[in-house]
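Pasting model-v1.cif here (mmCIF, C-alpha atoms):
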```cif
data_final
loop_
_atom_site.label_atom_id
_atom_site.label_comp_id
_atom_site.auth_asym_id
_atom_site.auth_seq_id
_atom_site.Cartn_x
_atom_site.Cartn_y
_atom_site.Cartn_z
CA MET O 1 -22.78 25.49 22.57
CA LYS O 2 -24.79 26.09 19.44
CA PRO O 3 -26.09 23.03 17.56
CA VAL O 4 -24.45 22.64 14.17
CA GLU O 5 -25.77 21.41 10.85
CA SER O 6 -23.54 19.41 8.56
CA GLY O 7 -22.21 22.72 7.33
CA GLY O 8 -20.59 23.40 10.72
CA ARG O 9 -17.30 22.26 12.16
CA LEU O 10 -16.97 19.35 14.55
CA ARG O 11 -13.99 19.38 16.88
CA ALA O 12 -13.01 15.79 17.57
CA CYS O 13 -10.87 16.54 20.63
CA PRO O 14 -9.05 19.53 22.16
CA TYR O 15 -6.17 19.20 19.72
CA ARG O 16 -7.78 18.21 16.44
CA ALA O 17 -10.50 19.72 14.30
CA LEU O 18 -12.48 17.84 11.67
CA ASN O 19 -14.43 19.59 8.98
CA ASP O 20 -18.05 19.01 8.08
CA ASP O 21 -17.32 16.93 4.97
CA LEU O 22 -15.40 14.30 6.91
CA VAL O 23 -18.01 14.13 9.66
CA SER O 24 -21.03 14.03 7.35
CA ASN O 25 -19.34 11.47 5.07
CA SER O 26 -18.56 9.30 8.10
CA ILE O 27 -22.15 9.42 9.30
CA ARG O 28 -23.55 8.90 5.81
CA GLN O 29 -21.46 5.78 5.18
CA LEU O 30 -21.73 4.22 8.64
CA PHE O 31 -25.50 4.71 8.83
CA ALA O 32 -26.10 4.04 5.10
CA LEU O 33 -27.81 7.37 4.43
CA PRO O 34 -28.95 8.07 0.86
CA ALA O 35 -26.88 10.43 -1.26
CA GLY O 36 -27.83 14.05 -0.85
CA ILE O 37 -29.05 13.62 2.73
CA HIS O 38 -27.54 16.17 5.10
CA PRO O 39 -27.92 14.92 8.68
CA PHE O 40 -28.42 17.27 11.60
CA VAL O 41 -25.53 16.85 14.06
CA THR O 42 -25.18 18.48 17.45
CA PRO O 43 -22.96 17.88 20.51
CA ALA O 44 -24.75 16.05 23.30
CA VAL O 45 -24.10 18.91 25.73
CA THR O 46 -26.61 21.06 23.84
CA LEU O 47 -29.42 18.71 24.85
CA LYS O 48 -29.63 20.65 28.13
CA ARG O 49 -31.45 23.35 26.18
CA THR O 50 -35.20 23.11 25.69
CA ASP O 51 -35.06 24.79 22.29
CA VAL O 52 -32.60 22.17 21.03
CA ARG O 53 -34.81 19.32 22.25
CA ASP O 54 -37.86 20.90 20.61
CA ASP O 55 -35.92 21.40 17.37
CA ILE O 56 -34.86 17.74 17.35
CA GLY O 57 -38.46 16.68 17.88
CA ARG O 58 -39.61 18.75 14.90
CA ARG O 59 -36.83 17.41 12.70
CA LEU O 60 -37.63 13.81 13.58
CA ALA O 61 -41.32 14.40 12.91
CA ALA O 62 -40.38 15.75 9.50
CA GLY O 63 -38.37 12.61 8.73
CA GLU O 64 -34.93 14.20 9.07
CA HIS O 65 -31.88 12.26 10.23
CA VAL O 66 -30.61 13.46 13.60
CA PHE O 67 -27.38 12.58 15.38
CA ILE O 68 -25.71 13.68 18.60
CA TYR O 69 -22.05 13.19 19.46
CA PHE O 70 -19.82 12.89 22.48
CA ASP O 71 -16.16 13.93 22.52
CA LYS O 72 -13.58 14.95 25.09
CA LYS O 73 -13.94 18.67 24.52
CA THR O 74 -17.71 19.09 24.53
CA SER O 75 -19.72 16.28 26.08
CA GLY O 76 -17.11 13.88 27.46
CA GLU O 77 -15.62 10.80 25.80
CA LEU O 78 -17.45 7.48 25.99
CA SER O 79 -15.72 4.14 26.36
CA ILE O 80 -16.28 0.40 26.57
CA PRO O 81 -15.52 -0.51 30.21
CA PRO O 82 -12.90 -3.21 30.89
CA THR O 83 -13.74 -6.79 31.75
CA GLU O 84 -11.56 -9.55 33.18
CA ARG O 85 -10.74 -10.58 29.62
CA SER O 86 -10.66 -7.27 27.74
CA PRO O 87 -9.21 -3.78 28.20
CA GLU O 88 -11.09 -0.50 28.32
CA PHE O 89 -11.26 1.44 25.07
CA SER O 90 -12.34 5.05 24.80
CA PHE O 91 -13.46 6.73 21.58
CA ASP O 92 -12.45 10.09 20.15
CA VAL O 93 -15.97 10.74 18.90
CA THR O 94 -19.06 8.64 19.54
CA VAL O 95 -21.93 9.47 17.19
CA VAL O 96 -25.40 8.44 18.35
CA GLU O 97 -28.43 8.12 16.10
CA VAL O 98 -31.67 9.66 17.40
CA THR O 99 -34.80 8.00 16.06
CA ASN O 100 -38.52 8.74 16.21
CA LYS O 101 -40.56 6.09 18.03
CA ASP O 102 -44.24 6.80 18.45
CA GLY O 103 -43.52 10.54 18.29
CA VAL O 104 -40.85 10.37 21.03
CA PRO O 105 -37.07 10.66 20.44
CA HIS O 106 -35.21 7.40 21.14
CA ILE O 107 -31.56 6.38 21.01
CA GLY O 108 -30.66 4.26 17.99
CA ARG O 109 -27.33 2.84 16.83
CA LEU O 110 -23.83 4.10 17.64
CA GLY O 111 -20.98 5.03 15.30
CA ILE O 112 -17.33 5.56 16.17
CA LEU O 113 -15.01 8.18 14.66
CA GLU O 114 -11.29 7.89 15.52
CA ILE O 115 -8.50 10.28 14.55
CA GLN O 116 -4.83 9.30 14.42
CA THR O 117 -2.17 11.92 13.74
CA MET O 118 1.57 11.53 13.24
CA ASP O 119 3.79 11.02 16.28
CA PHE O 120 7.10 12.84 16.44
CA HIS O 121 10.28 12.21 18.37
CA GLY O 122 11.24 14.89 20.84
CA SER O 123 8.89 17.36 22.47
CA TYR O 124 6.51 20.12 21.40
CA ARG O 125 7.51 22.15 24.45
CA ASP O 126 9.96 24.45 22.68
CA ALA O 127 7.73 24.94 19.65
CA VAL O 128 4.75 25.85 21.83
CA ARG O 129 6.92 28.29 23.81
CA ASN O 130 8.08 29.93 20.58
CA LEU O 131 4.51 30.38 19.35
CA ARG O 132 3.27 31.67 22.69
CA GLU O 133 6.08 34.22 22.93
CA GLY O 134 5.74 35.14 19.27
CA LEU O 135 2.04 35.88 19.71
CA ARG O 136 2.77 37.99 22.78
CA MET O 137 5.46 40.04 21.01
CA HIS O 138 3.87 40.25 17.54
CA PRO O 139 0.08 40.19 18.07
CA THR O 140 -0.77 42.20 14.95
CA HIS O 141 1.62 40.45 12.54
CA PHE O 142 1.74 37.00 14.11
CA GLY O 143 0.97 35.00 10.94
CA LEU O 144 3.59 36.75 8.83
CA THR O 145 6.12 36.52 11.65
CA VAL O 146 5.64 32.76 11.90
CA GLN O 147 6.09 32.44 8.13
CA ASP O 148 9.40 34.30 8.42
CA ASN O 149 10.51 32.10 11.33
CA GLN O 150 9.51 28.58 10.32
CA TRP O 151 12.10 27.10 12.69
CA TRP O 152 9.81 28.10 15.58
CA LEU O 153 7.52 25.22 14.63
CA SER O 154 10.17 22.50 14.66
CA GLU O 155 12.49 23.37 17.53
CA GLY O 156 12.79 20.32 19.77
CA VAL O 157 10.83 18.13 17.33
CA GLU O 158 13.22 15.57 15.85
CA GLY O 159 11.12 13.94 13.16
CA PRO O 160 8.23 11.54 12.58
CA ASN O 161 8.12 8.37 14.64
CA ILE O 162 6.76 6.32 11.76
CA ALA O 163 6.96 2.80 13.20
CA ASN O 164 5.49 3.96 16.50
CA VAL O 165 2.43 5.38 14.74
CA PHE O 166 1.47 2.01 13.28
CA LYS O 167 2.18 -0.13 16.32
CA ARG O 168 0.24 2.24 18.60
CA THR O 169 -2.69 2.28 16.18
CA PHE O 170 -2.81 -1.30 14.99
CA TYR O 171 -4.40 -3.05 17.98
CA GLN O 172 -6.95 -0.31 18.58
CA MET O 173 -7.81 -0.27 14.89
CA MET O 174 -8.36 -4.05 14.81
CA PHE O 175 -10.41 -3.91 18.02
CA LYS O 176 -12.63 -1.01 16.96
CA PHE O 177 -13.14 -2.30 13.41
CA GLN O 178 -14.84 -5.31 15.01
CA LEU O 179 -17.43 -3.11 16.73
CA GLY O 180 -19.63 -3.19 13.64
CA GLN O 181 -20.42 -6.83 14.42
CA HIS O 182 -22.69 -5.67 17.25
CA ASP O 183 -26.27 -4.89 16.29
CA ARG O 184 -26.21 -1.57 18.17
CA CYS O 185 -23.06 -0.32 16.41
CA ALA O 186 -22.98 0.97 12.83
CA GLY O 187 -19.19 0.67 12.66
CA CYS O 188 -16.02 2.73 12.91
CA VAL O 189 -14.24 5.32 10.78
CA LEU O 190 -10.52 5.83 11.37
CA ALA O 191 -9.31 9.17 9.99
CA ILE O 192 -5.57 9.53 9.35
CA PRO O 193 -3.39 12.11 7.55
CA GLN O 194 -1.86 11.26 4.18
CA SER O 195 1.57 11.09 5.82
CA VAL O 196 0.39 8.40 8.22
CA TRP O 197 -1.22 6.38 5.40
CA ASP O 198 2.02 6.60 3.42
CA SER O 199 4.01 5.40 6.45
CA TRP O 200 1.70 2.39 6.81
CA GLN O 201 2.48 0.95 3.38
CA ARG O 202 5.41 -1.24 4.39
CA HIS O 203 3.58 -2.38 7.52
CA LEU O 204 0.68 -3.53 5.31
CA GLY O 205 2.78 -5.11 2.58
CA ALA O 206 2.11 -2.22 0.16
CA PRO O 207 -1.45 -3.37 -0.67
CA ASP O 208 -3.23 -2.52 -3.91
CA LEU O 209 -6.52 -0.71 -3.38
CA LYS O 210 -9.54 -1.61 -5.48
CA ALA O 211 -11.33 1.41 -6.93
CA GLU O 212 -15.12 1.19 -6.53
CA THR O 213 -17.76 2.75 -8.78
CA ASP O 214 -18.90 5.14 -6.02
CA GLY O 215 -15.49 6.83 -5.84
CA THR O 216 -14.36 4.96 -2.73
CA PHE O 217 -11.72 2.23 -2.48
CA SER O 218 -11.59 -1.22 -0.90
CA LEU O 219 -8.75 -2.84 1.03
CA LEU O 220 -9.70 -6.50 1.37
CA ALA O 221 -8.01 -9.86 1.74
CA PRO O 222 -8.12 -12.16 -1.30
CA GLY O 223 -11.54 -13.77 -1.64
CA ARG O 224 -13.33 -11.30 0.65
CA GLU O 225 -16.14 -9.04 -0.51
CA ARG O 226 -16.91 -5.63 0.96
CA LEU O 227 -20.01 -5.62 3.13
CA ASP O 228 -22.89 -3.31 2.26
CA PRO O 229 -23.06 -1.20 4.30
CA CYS O 230 -19.39 -1.41 5.14
CA PRO O 231 -18.78 -1.08 8.93
CA ALA O 232 -15.05 -0.26 8.81
CA TRP O 233 -13.50 2.70 6.99
CA ILE O 234 -10.12 4.38 6.74
CA TYR O 235 -10.33 8.04 5.73
CA VAL O 236 -7.11 9.56 4.42
CA PHE O 237 -7.09 13.34 4.73
CA ASP O 238 -4.72 16.21 4.19
CA PRO O 239 -4.77 19.96 4.86
CA ASP O 240 -5.38 21.96 1.68
CA ALA O 241 -2.37 24.32 1.74
CA ARG O 242 -3.36 25.92 -1.58
CA THR O 243 -6.09 28.03 0.00
CA ASP O 244 -5.70 31.33 1.83
CA VAL O 245 -7.90 30.11 4.69
CA THR O 246 -6.27 29.68 8.11
CA PRO O 247 -6.18 27.03 9.42
CA SER O 248 -6.02 25.11 6.16
CA PRO O 249 -9.27 23.22 5.46
CA ILE O 250 -9.21 19.44 5.62
CA VAL O 251 -9.63 17.52 2.35
CA VAL O 252 -10.49 13.82 2.32
CA ARG O 253 -8.21 12.20 -0.26
CA LYS O 254 -9.39 8.58 0.01
CA MET O 255 -12.24 6.69 1.66
CA ILE O 256 -11.23 3.05 2.03
CA GLY O 257 -13.69 0.33 3.04
CA THR O 258 -12.12 -2.62 4.84
CA ASP O 259 -12.55 -5.04 7.75
CA ALA O 260 -10.42 -6.43 10.58
CA PRO O 261 -9.66 -9.81 8.89
CA SER O 262 -8.36 -8.00 5.80
CA ILE O 263 -6.11 -5.68 7.82
CA SER O 264 -4.86 -8.77 9.67
CA HIS O 265 -4.08 -10.50 6.37
CA TRP O 266 -1.99 -7.64 5.03
CA ALA O 267 -0.25 -6.70 8.27
CA LEU O 268 0.31 -10.16 9.76
CA GLU O 269 0.71 -12.34 6.66
CA VAL O 270 1.80 -10.35 3.60
CA ALA O 271 4.22 -7.92 5.27
CA PRO O 272 5.92 -10.61 7.45
CA ALA O 273 6.29 -12.89 4.41
CA ALA O 274 8.14 -10.10 2.60
CA ALA O 275 10.32 -9.54 5.66
CA LEU O 276 11.19 -13.24 5.99
CA SER O 277 12.32 -13.33 2.37
CA ASN O 278 14.85 -10.65 3.21
CA ILE O 279 16.63 -12.51 6.02
CA ASP O 280 19.13 -14.31 3.79
CA ALA O 281 18.92 -12.00 0.77
CA GLU O 282 22.16 -10.38 -0.37
CA VAL O 283 20.82 -7.06 0.88
CA GLY O 284 19.23 -8.46 4.01
CA LEU O 285 19.81 -9.29 7.64
CA LEU O 286 22.67 -11.77 7.13
CA SER O 287 24.66 -9.21 5.15
CA ALA O 288 24.36 -6.77 8.05
CA LEU O 289 25.31 -9.57 10.48
CA SER O 290 28.46 -10.36 8.51
CA GLY O 291 29.48 -6.73 8.30
CA ARG O 292 28.95 -6.22 12.03
CA LEU O 293 30.85 -9.40 12.97
CA LYS O 294 33.87 -8.18 11.05
CA LEU O 295 34.28 -5.52 13.71
CA PHE O 296 34.55 -8.17 16.44
CA TRP O 297 35.67 -11.50 14.91
CA PRO O 298 36.51 -11.39 11.18
CA GLU O 299 37.05 -15.15 10.90
CA LEU O 300 33.58 -15.85 12.26
CA ALA O 301 32.09 -13.34 9.84
CA LYS O 302 33.33 -15.46 6.92
CA THR O 303 31.13 -18.36 8.03
CA VAL O 304 27.92 -16.44 7.39
CA VAL O 305 26.35 -17.95 4.28
CA ALA O 306 23.21 -17.32 2.27
CA ASP O 307 21.05 -19.90 0.54
CA VAL O 308 20.83 -18.58 -3.04
CA PRO O 309 19.45 -20.05 -6.28
CA VAL O 310 21.93 -21.06 -8.97
CA GLU O 311 21.38 -21.61 -12.68
CA ASP O 312 21.11 -25.27 -13.69
CA MET O 313 23.43 -25.64 -16.72
CA ARG O 314 22.64 -29.36 -17.07
CA ALA O 315 19.11 -28.88 -18.34
CA ALA O 316 18.69 -29.94 -21.96
CA PRO O 317 17.22 -27.43 -24.43
CA GLY O 318 13.42 -27.69 -24.51
CA ALA O 319 13.28 -29.92 -21.43
CA ARG O 320 10.73 -29.35 -18.68
CA PRO O 321 12.11 -26.80 -16.20
CA ARG O 322 13.48 -28.36 -13.06
CA LYS O 323 13.09 -27.08 -9.54
CA PRO O 324 15.70 -24.31 -9.10
CA ARG O 325 18.91 -25.50 -7.48
CA ARG O 326 20.19 -23.66 -4.44
CA LYS O 327 23.52 -23.55 -2.69
CA ASP O 328 25.13 -21.88 0.30
CA VAL O 329 27.26 -18.92 -0.75
CA PRO O 330 29.45 -16.93 1.64
CA ILE O 331 27.59 -13.72 2.31
CA GLU O 332 30.89 -11.89 2.04
CA SER O 333 30.85 -12.43 -1.72
CA LEU O 334 27.45 -10.71 -1.91
CA GLU O 335 28.12 -7.80 0.42
CA SER O 336 29.05 -5.44 -2.38
CA ARG O 337 25.40 -5.47 -3.42
CA SER O 338 24.10 -4.47 0.00
CA ASP O 339 23.76 -0.99 1.42
CA TYR O 340 21.98 -2.13 4.59
CA SER O 341 24.12 -1.56 7.68
CA GLY O 342 21.67 -1.82 10.57
CA PRO O 343 18.44 -0.54 12.05
CA GLY O 344 17.53 3.05 11.29
CA PRO O 345 15.25 5.49 13.08
CA GLU O 346 12.11 3.82 11.66
CA ALA O 347 12.92 0.34 13.02
CA VAL O 348 10.34 -1.21 15.31
CA HIS O 349 11.68 -1.76 18.83
CA GLY O 350 10.06 -2.09 22.21
CA GLU O 351 7.56 0.50 23.35
CA GLU O 352 9.24 3.84 23.93
CA PRO O 353 8.13 5.99 26.83
CA ASP O 354 6.04 9.00 25.91
CA GLU O 355 7.87 12.31 25.98
CA GLY O 356 6.11 15.40 27.23
#
```
Could you quickly redo this structure as structure tokens?
Amino acid sequence: MKPVESGGRLRACPYRALNDDLVSNSIRQLFALPAGIHPFVTPAVTLKRTDVRDDIGRRLAAGEHVFIYFDKKTSGELSIPPTERSPEFSFDVTVVEVTNKDGVPHIGRLGILEIQTMDFHGSYRDAVRNLREGLRMHPTHFGLTVQDNQWWLSEGVEGPNIANVFKRTFYQMMFKFQLGQHDRCAGCVLAIPQSVWDSWQRHLGAPDLKAETDGTFSLLAPGRERLDPCPAWIYVFDPDARTDVTPSPIVVRKMIGTDAPSISHWALEVAPAAALSNIDAEVGLLSALSGRLKLFWPELAKTVVADVPVEDMRAAPGARPRKPRRKDVPIESLESRSDYSGPGPEAVHGEEPDEG
């Protein structure tokens, strides 16, 4: 495999391709490279070649920044082995810094690049079969034929599994964002499509991002400051469908600096607090409970009440406001305001088995 400069394309795994901008930006931020520096990046498998080794030696001698990477498709994925108290974690792409020590190349720090795409219900089997057969039958007009038969791409695919995307990603994200605490690790970049970032908003309590002067954003818990360099990043990308290039080039829409404690704050404190407030709301869980009980025991359904605030008419004009009074109100009297009838396809349940 030919070594690639930052102007080349890095394939993160057999099924995903990342463009040079995302890779070079990841390396530049994780390893705190100055603006305008274009690192030399090559897959580790190319180190078998003498000419590649010699080229790396010359680049290091000239003061250039050199990195090698390991991934499933080219050089094999790397992982942190399990211990009795921790699981094994593999990495989509492991970037390794190569440094110059007394004129000899040495291994420096590590950087992690992870890619999370959208999960879908159903199976890709039918869609893949359609594309394979379409290519066999229409080899010279395949692209136009696919455009005229868009249903080929979605047959058997039922829709995005939004809740599953977050719950499958959350623990790994928290774990890998902590890697930057080790002296040998520069940190981790998690790259996700715009659709996945949008689906995360409710799971994170719809956080407000802070715009930074360098064009990036910060997602931090109250009172926390972004580290410099920042060891944890979320890159939000999208295919640029406006171009005539196939496949559509990847465009990084947002680069968000964060850390594991901040993600924990938004996902495990802010979002649950919003959910708890909706248990006895007129459009919340108790309203759905009352409506469901009516199907089985109408009299019991009438006993479902909600604790709601009521206006205090006894307060004198100009007096100091009192603590709001609350009273139990039959949820049945509030049901007309609710359109919630039960869990939908995005509800979080137990882990579903993977479908092939």
Given all atoms listed in the file as the basis, pick out the residue of O:His141, O:Val245, O:Ala273, O:Met173 nearest to Thr258 (chain O). O:Met173
Could you tell me which residues the PyMOL selection byres ((chain O and resi 252) around 8) returns for this structure, as a PDB file with C-alpha atoms, in the coordinates of the input?
```pdb
ATOM      1  CA  ASP O  21     -17.320  16.930   4.970  1.00  0.00           C
ATOM      2  CA  LEU O  22     -15.400  14.300   6.910  1.00  0.00           C
ATOM      3  CA  TYR O 235     -10.330   8.040   5.730  1.00  0.00           C
ATOM      4  CA  VAL O 236      -7.110   9.560   4.420  1.00  0.00           C
ATOM      5  CA  PHE O 237      -7.090  13.340   4.730  1.00  0.00           C
ATOM      6  CA  ASP O 238      -4.720  16.210   4.190  1.00  0.00           C
ATOM      7  CA  ILE O 250      -9.210  19.440   5.620  1.00  0.00           C
ATOM      8  CA  VAL O 251      -9.630  17.520   2.350  1.00  0.00           C
ATOM      9  CA  ARG O 253      -8.210  12.200  -0.260  1.00  0.00           C
ATOM     10  CA  LYS O 254      -9.390   8.580   0.010  1.00  0.00           C
ATOM     11  CA  MET O 255     -12.240   6.690   1.660  1.00  0.00           C
TER      12      MET O 255
END
```
Have a look at CA of Pro43 (chain O) and CA of Gly63 (chain O) and let me know their distance in Å, one decimal. 20.1 Å
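As for CA of Thr99 (chain O) and CA of Arg28 (chain O), they are spaced 15.2 Å apart.
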Using all atoms listed in the file: which of O:Val305, O:Ala186, O:Ile107, O:Ala211 has the shortest distance to Ile256 (chain O): O:Ala211
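Using only C-alpha atoms, the smallest distance between any of O:Pro82, O:Val23, O:Ala241, O:Thr94 and Ala44 (chain O) comes from O:Thr94.
Proximity to Gly36 (chain O) at 12 Å, evaluated using all atoms listed in the file and with sequence-adjacent residues fewer than 4 positions away removed, yields Ser6, Ser24, Asn25, Arg28, Ala32 and His65 of chain O.
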Residues returned when the PyMOL selection byres ((chain O and resi 61) around 12) runs on this file, as a PyMOL selection string: chain O and resi 54-60+62-66+98-105
Determine the residue membership of the PyMOL selection byres ((chain O and resi 170) around 12) for the file above and supply it as a compact mmCIF listing (two decimals) with C-alpha atoms, in the coordinates of the input.
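expr_4.txt was written with the following content:
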```
# COMPACT_ATOMS: atom_id res chain seq x y z
CA GLN O 116 -4.83 9.30 14.42
CA ALA O 163 6.96 2.80 13.20
CA ASN O 164 5.49 3.96 16.50
CA VAL O 165 2.43 5.38 14.74
CA PHE O 166 1.47 2.01 13.28
CA LYS O 167 2.18 -0.13 16.32
CA ARG O 168 0.24 2.24 18.60
CA THR O 169 -2.69 2.28 16.18
CA TYR O 171 -4.40 -3.05 17.98
CA GLN O 172 -6.95 -0.31 18.58
CA MET O 173 -7.81 -0.27 14.89
CA MET O 174 -8.36 -4.05 14.81
CA PHE O 175 -10.41 -3.91 18.02
CA LYS O 176 -12.63 -1.01 16.96
CA PHE O 177 -13.14 -2.30 13.41
CA LEU O 190 -10.52 5.83 11.37
CA TRP O 200 1.70 2.39 6.81
CA HIS O 203 3.58 -2.38 7.52
CA LEU O 204 0.68 -3.53 5.31
CA ALA O 260 -10.42 -6.43 10.58
CA ILE O 263 -6.11 -5.68 7.82
CA SER O 264 -4.86 -8.77 9.67
CA TRP O 266 -1.99 -7.64 5.03
CA ALA O 267 -0.25 -6.70 8.27
CA LEU O 268 0.31 -10.16 9.76
```
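What separates CA of Phe40 (chain O) from CA of Asp183 (chain O) is a distance of 22.8 Å.
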